[in-house]
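Quick look at work-v8.tsv (TSV, C-alpha atoms):
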```tsv
chain	number	residue	atom	x	y	z
A	15	MET	CA	95.59	108.43	103.29
A	16	SER	CA	98.74	109.09	101.27
A	17	GLY	CA	100.86	108.62	104.39
A	18	SER	CA	99.48	105.13	105.07
A	19	ILE	CA	100.64	103.65	101.78
A	20	PRO	CA	104.39	103.90	102.45
A	21	THR	CA	103.80	102.42	105.93
A	22	ARG	CA	102.13	99.39	104.43
A	23	GLY	CA	104.88	99.19	101.86
A	24	ARG	CA	107.55	99.09	104.57
A	25	TRP	CA	105.82	96.16	106.26
A	26	PHE	CA	105.08	94.16	103.14
A	27	ARG	CA	108.28	94.56	101.14
A	28	PRO	CA	109.22	91.15	99.65
A	29	GLY	CA	112.73	91.28	101.14
A	30	ARG	CA	111.42	91.96	104.64
A	31	THR	CA	108.82	89.21	104.33
A	32	ARG	CA	111.47	86.71	103.24
A	33	ARG	CA	113.72	87.65	106.17
A	34	ILE	CA	110.86	87.22	108.65
A	35	ALA	CA	109.98	83.83	107.14
A	36	MET	CA	113.64	82.73	107.26
A	37	ASN	CA	113.95	83.82	110.89
A	38	TRP	CA	110.84	81.85	111.83
A	39	THR	CA	112.11	78.83	109.92
A	40	ASP	CA	115.54	79.01	111.58
A	41	GLY	CA	113.90	79.31	114.97
A	42	LEU	CA	111.70	76.28	114.36
A	43	ILE	CA	114.70	74.24	113.16
A	44	ARG	CA	116.71	75.17	116.25
A	45	MET	CA	113.76	74.29	118.50
A	46	ALA	CA	113.33	70.94	116.72
A	47	LYS	CA	117.02	70.16	117.27
A	48	VAL	CA	116.75	71.02	120.97
A	49	MET	CA	113.69	68.81	121.37
A	50	GLU	CA	115.33	65.93	119.50
A	51	ASN	CA	118.45	66.19	121.69
A	52	LEU	CA	116.21	66.15	124.76
A	53	ASN	CA	114.37	63.16	123.29
A	54	PHE	CA	117.64	61.23	122.84
A	55	THR	CA	118.85	62.14	126.33
A	56	LEU	CA	115.65	61.03	128.04
A	57	PHE	CA	115.67	57.84	126.00
A	58	SER	CA	119.22	57.04	127.09
A	59	TRP	CA	118.16	57.42	130.73
A	60	LEU	CA	115.07	55.20	130.42
A	61	ASN	CA	116.26	52.55	127.97
A	62	ALA	CA	117.21	49.15	129.36
A	63	PRO	CA	120.79	47.94	129.68
A	64	ALA	CA	121.98	45.25	127.29
A	65	ARG	CA	121.26	42.54	129.88
A	66	PRO	CA	118.48	43.63	132.25
A	67	ALA	CA	117.30	41.60	135.20
A	68	PRO	CA	114.93	38.84	134.04
A	69	ALA	CA	112.13	40.03	136.34
A	70	MET	CA	112.38	43.57	134.98
A	71	LEU	CA	112.42	42.28	131.41
A	72	HIS	CA	109.29	40.15	131.96
A	73	LEU	CA	107.46	43.04	133.64
A	74	ALA	CA	108.36	45.46	130.88
A	75	THR	CA	107.39	42.98	128.15
A	76	PHE	CA	104.00	42.41	129.79
A	77	CYS	CA	103.33	46.13	130.09
A	78	ALA	CA	104.53	46.84	126.54
A	79	GLU	CA	102.84	44.00	124.66
A	80	SER	CA	100.10	42.30	126.71
A	81	LEU	CA	98.51	45.04	128.81
A	82	ILE	CA	97.04	46.74	125.73
A	83	TRP	CA	94.52	43.89	125.33
A	84	ALA	CA	92.75	45.03	128.49
A	85	VAL	CA	91.23	47.94	126.56
A	86	PRO	CA	89.36	46.04	123.81
A	87	VAL	CA	88.45	43.17	126.16
A	88	GLY	CA	87.21	45.54	128.87
A	89	ILE	CA	85.25	47.69	126.44
A	90	GLY	CA	83.71	44.61	124.82
A	91	LEU	CA	82.62	43.01	128.10
A	92	ALA	CA	81.20	46.25	129.49
A	93	TRP	CA	79.34	46.85	126.22
A	94	LEU	CA	77.85	43.37	126.33
A	95	ARG	CA	76.91	43.32	130.01
A	96	GLY	CA	76.39	46.95	130.98
A	97	ARG	CA	73.30	49.12	131.08
A	98	GLU	CA	72.63	51.61	128.30
A	99	SER	CA	74.66	54.48	129.83
A	100	VAL	CA	77.64	52.15	130.22
A	101	ARG	CA	77.27	50.94	126.63
A	102	ARG	CA	77.24	54.49	125.33
A	103	ALA	CA	80.40	55.27	127.30
A	104	MET	CA	82.09	52.17	125.85
A	105	GLN	CA	81.00	53.11	122.33
A	106	ALA	CA	82.46	56.59	122.81
A	107	ALA	CA	85.70	55.10	124.14
A	108	ALA	CA	85.93	52.79	121.13
A	109	LEU	CA	85.28	55.70	118.76
A	110	ALA	CA	87.96	57.73	120.52
A	111	GLY	CA	90.45	54.90	120.06
A	112	LEU	CA	89.63	54.61	116.36
A	113	ALA	CA	89.89	58.38	115.91
A	114	GLY	CA	93.26	58.45	117.67
A	115	LEU	CA	94.70	55.62	115.60
A	116	SER	CA	93.40	57.23	112.39
A	117	ALA	CA	95.12	60.49	113.37
A	118	ASN	CA	98.34	58.57	114.01
A	119	LEU	CA	98.16	57.07	110.54
A	120	LEU	CA	97.82	60.51	108.98
A	121	ILE	CA	100.71	61.84	111.07
A	122	SER	CA	102.97	58.95	110.05
A	123	LEU	CA	102.12	59.51	106.38
A	124	ALA	CA	102.99	63.19	106.67
A	125	TRP	CA	106.11	62.80	108.83
A	126	GLN	CA	108.20	59.70	109.39
A	127	HIS	CA	110.18	59.62	112.62
A	128	PRO	CA	112.57	56.66	113.01
A	129	ARG	CA	112.46	54.33	115.98
A	130	PRO	CA	115.58	54.12	118.18
A	131	PHE	CA	116.80	50.84	116.67
A	132	MET	CA	116.45	52.31	113.15
A	133	ILE	CA	119.25	54.76	113.94
A	134	GLY	CA	121.33	52.37	116.06
A	135	LEU	CA	120.39	53.97	119.37
A	136	GLY	CA	120.12	52.08	122.66
A	137	HIS	CA	119.11	48.46	123.24
A	138	THR	CA	116.07	46.87	121.59
A	139	LEU	CA	114.74	43.88	123.52
A	140	ILE	CA	111.52	43.05	121.63
A	141	PRO	CA	110.94	42.74	117.87
A	142	HIS	CA	109.15	45.56	116.11
A	143	ALA	CA	108.48	46.70	112.55
A	144	ALA	CA	110.71	49.49	111.27
A	145	ASP	CA	107.93	52.05	110.88
A	146	SER	CA	107.38	55.56	112.22
A	147	SER	CA	107.61	55.88	115.99
A	148	PHE	CA	105.58	59.07	116.48
A	149	PRO	CA	103.09	58.96	118.11
A	150	SER	CA	102.87	55.63	119.95
A	151	ASP	CA	99.85	53.65	118.71
A	152	HIS	CA	99.66	51.63	121.94
A	153	LEU	CA	99.48	54.69	124.15
A	154	THR	CA	97.19	56.55	121.77
A	155	LEU	CA	94.65	53.73	121.89
A	156	TRP	CA	94.99	53.30	125.66
A	157	TRP	CA	94.81	56.98	126.58
A	158	SER	CA	92.07	57.74	124.03
A	159	ALA	CA	89.83	55.26	125.84
A	160	ALA	CA	90.97	56.52	129.26
A	161	PHE	CA	90.44	60.21	128.47
A	162	SER	CA	87.08	59.45	126.86
A	163	LEU	CA	85.90	57.81	130.09
A	164	LEU	CA	87.31	60.69	132.12
A	165	LEU	CA	85.01	63.09	130.28
A	166	ARG	CA	81.92	61.23	131.52
A	167	PRO	CA	80.96	61.62	135.22
A	168	GLY	CA	79.78	58.01	135.54
A	169	SER	CA	83.06	56.49	134.38
A	170	ARG	CA	85.71	58.85	135.74
A	171	ARG	CA	87.13	56.42	138.29
A	172	VAL	CA	87.75	53.86	135.57
A	173	GLY	CA	89.18	56.62	133.38
A	174	TRP	CA	91.64	57.71	136.03
A	175	ALA	CA	92.72	54.11	136.62
A	176	LEU	CA	93.29	53.54	132.91
A	177	ALA	CA	95.15	56.81	132.53
A	178	ALA	CA	97.48	55.86	135.39
A	179	LEU	CA	98.07	52.36	133.97
A	180	GLY	CA	99.20	53.97	130.73
A	181	LEU	CA	102.32	55.27	132.48
A	182	PRO	CA	103.98	51.85	133.00
A	183	MET	CA	103.08	51.00	129.41
A	184	ALA	CA	104.82	54.16	128.21
A	185	TRP	CA	107.87	53.40	130.36
A	186	ALA	CA	108.02	49.81	129.11
A	187	ARG	CA	108.00	50.70	125.43
A	188	ILE	CA	110.86	53.14	125.98
A	189	TYR	CA	112.70	50.70	128.26
A	190	LEU	CA	112.52	47.97	125.62
A	191	GLY	CA	113.83	50.28	122.92
A	192	VAL	CA	110.92	50.67	120.50
A	193	HIS	CA	109.85	54.24	121.34
A	194	PHE	CA	111.19	57.63	122.36
A	195	PRO	CA	109.77	59.64	125.30
A	196	LEU	CA	108.32	62.32	123.00
A	197	ASP	CA	106.36	59.62	121.18
A	198	MET	CA	104.39	59.28	124.41
A	199	LEU	CA	103.73	63.02	124.65
A	200	GLY	CA	102.49	62.91	121.07
A	201	ALA	CA	100.22	60.01	121.97
A	202	ALA	CA	98.80	61.96	124.91
A	203	ALA	CA	98.05	64.96	122.70
A	204	THR	CA	96.42	62.81	120.02
A	205	ALA	CA	94.40	60.92	122.62
A	206	LEU	CA	93.13	64.11	124.25
A	207	THR	CA	92.00	65.43	120.88
A	208	ALA	CA	90.30	62.15	119.95
A	209	ALA	CA	88.54	61.94	123.32
A	210	TRP	CA	87.26	65.50	123.00
A	211	LEU	CA	85.99	64.92	119.45
A	212	THR	CA	84.02	61.88	120.57
A	213	GLY	CA	83.06	63.26	123.98
A	214	PRO	CA	79.81	64.55	125.48
A	215	ARG	CA	80.10	67.93	123.72
A	216	ASN	CA	79.65	66.15	120.39
A	217	GLU	CA	77.04	63.67	121.58
A	218	ARG	CA	74.40	64.87	119.12
A	219	ARG	CA	76.66	64.37	116.13
A	220	LEU	CA	77.48	60.84	117.28
A	221	GLU	CA	73.87	59.91	118.06
A	222	PRO	CA	73.36	58.01	114.75
A	223	ILE	CA	76.38	55.82	115.55
A	224	HIS	CA	75.08	55.11	119.06
A	225	ARG	CA	71.63	54.20	117.70
A	226	PHE	CA	73.15	51.91	115.07
A	227	ALA	CA	75.27	50.14	117.71
A	228	GLN	CA	72.21	49.66	119.92
A	229	HIS	CA	70.12	48.23	117.07
A	230	ALA	CA	72.98	45.94	115.99
A	231	ARG	CA	73.40	44.66	119.55
A	232	ARG	CA	69.70	43.85	119.89
A	233	ALA	CA	69.61	42.13	116.50
A	234	LEU	CA	72.75	40.05	117.01
A	235	LEU	CA	72.23	39.19	120.68
A	236	SER	CA	68.43	38.97	120.86
A	237	ARG	CA	68.45	35.37	122.14
A	238	PHE	CA	70.82	36.16	124.99
A	239	ILE	CA	68.83	39.28	125.88
A	240	ALA	CA	65.55	37.33	125.85
A	241	ALA	CA	67.11	34.65	128.09
A	242	GLY	CA	68.13	37.32	130.59
A	243	TRP	CA	71.84	36.75	130.17
A	244	LEU	CA	72.36	40.28	128.83
A	245	ARG	CA	70.67	43.60	129.52
A	246	ALA	CA	68.21	44.91	126.94
```
Encoded form (structure tokens):
Amino acid sequence: MSGSIPTRGRWFRPGRTRRIAMNWTDGLIRMAKVMENLNFTLFSWLNAPARPAPAMLHLATFCAESLIWAVPVGIGLAWLRGRESVRRAMQAAALAGLAGLSANLLISLAWQHPRPFMIGLGHTLIPHAADSSFPSDHLTLWWSAAFSLLLRPGSRRVGWALAALGLPMAWARIYLGVHFPLDMLGAAATALTAAWLTGPRNERRLEPIHRFAQHARRALLSRFIAAGWLRA
């Protein structure tokens, strides 16, 4: 027993602990610098020139600003017209989107990362607020819904289609100068987490929300359901 005390002392000396902590900190700082340099390099490759072709500019603007409305409109229509299993999938997708955006808000409060135009980098071709860039809210919302649908066997085809359509949206927001490439990776990670938290594995915990949504739908749309315009 007496021999074990010096061994523990060697490992837990304050000076040694400080050196280990400093080494870890230095390593993390160096890694962060490497990732930021990679981020800037990828952005410079993908960002638009000062005067892009009009067709390319219109396509990118549509993908960056208008395509996002397909998610709430699609979820809303499917929730109104679909059978109960479809409605539950749409409710889960909506919850995933809300969870992802809430996580983004917390991340931005804890760590502010400037957008390219805030540091004079590249060409910015659409207006945008000078707020934190990481992660991308557009892609978080889009991929949260897509990944949520991918987790459910009955909606995987739609999930795959949505996930693929998120790629041109990610490209467009970098091309137009309002996001960095790593903002999109952050959005993917946040979306995966949000989709898992609201996915089938946690169905029991979300059951009260699903029941409330079903009761609210029947109460608000009872006339349309009675007329046969919507499913019960």
field: Non-local contacts of range 178-190 of chain A (7 Å; all atoms listed in the file; under 5 positions in same chain excluded) as a count of residues only
entry: 16
message: as number ranges by chain, please: the residues near Pro149 in chain A (cut-off 6 Å, only C-alpha atoms, same-chain neighbours under 3 positions excluded).
response: A: 197, 200-201
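Straight-line separation from CA of His152 in chain A to CA of Ala124 in chain A: 19.4 Å.
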task: Please provide the set of residues having any atom within 9 Å of Ala159 in chain A, restricted to all atoms listed in the file, with same-chain residues fewer than 2 positions apart removed, written as a count of residues only.
output: 22
task: Work out how far apart CA of Thr212 in chain A and CA of Leu120 in chain A are and give it in Å to one decimal.
output: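 Taking CA of Thr212 in chain A and CA of Leu120 in chain A, their separation equals 18.1 Å.
Note that CA of Ala175 in chain A and CA of Leu71 in chain A are 23.6 Å apart.
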message: Considering all atoms listed in the file, can you say which of A:Glu98, A:Ala208, A:Arg44, A:Phe54 comes closest to His229 in chain A?
response: A:Glu98
- request: For Ser147 in chain A, work out the shell of residues within 7 Å, counting all atoms listed in the file and skipping chain neighbours fewer than 4 positions away, then give it as a PyMOL selection string.
  value: chain A and resi 127-129+193+197
task: Please provide the set of residues having any atom within 9 Å of Gly96 in chain A, restricted to all atoms listed in the file, with same-chain residues fewer than 5 positions apart removed, written as a list in words.
output: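 Those residues are Leu91, Arg101, Leu244 and Arg245 of chain A.
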With C-alpha atoms retained, could you export that selection as a PDB file, in the frame of the given file?
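See result-v6.pdb below for the written result:
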```
ATOM      1  CA  LEU A  91      82.620  43.010 128.100  1.00  0.00           C
ATOM      2  CA  ARG A 101      77.270  50.940 126.630  1.00  0.00           C
ATOM      3  CA  LEU A 244      72.360  40.280 128.830  1.00  0.00           C
ATOM      4  CA  ARG A 245      70.670  43.600 129.520  1.00  0.00           C
TER       5      ARG A 245
END
```
Best match for closeness to Leu112 in chain A among A:Ala144, A:Ser158, A:Arg219, A:Arg237, counting only C-alpha atoms: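 Once distances to Leu112 in chain A are computed over only C-alpha atoms, the minimum belongs to A:Ser158.
Of the listed residues A:Leu165, A:Ile239, A:Ala69, A:Val48, the one whose atoms come nearest to Asn216 in chain A is A:Leu165, with distances taken using all atoms listed in the file.
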field: A:Leu196, A:Leu123, A:Ala160, A:Ala92 ranked by distance to Asp145 in chain A, top pick (using all atoms listed in the file)
entry: A:Leu123
message: Measuring between only C-alpha atoms, which one of A:Ser236, A:Pro63, A:Gly168, A:Phe194 shows the shortest distance to Met49 in chain A?
response: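 Comparing A:Ser236, A:Pro63, A:Gly168, A:Phe194 against Met49 in chain A, the winner is A:Phe194.
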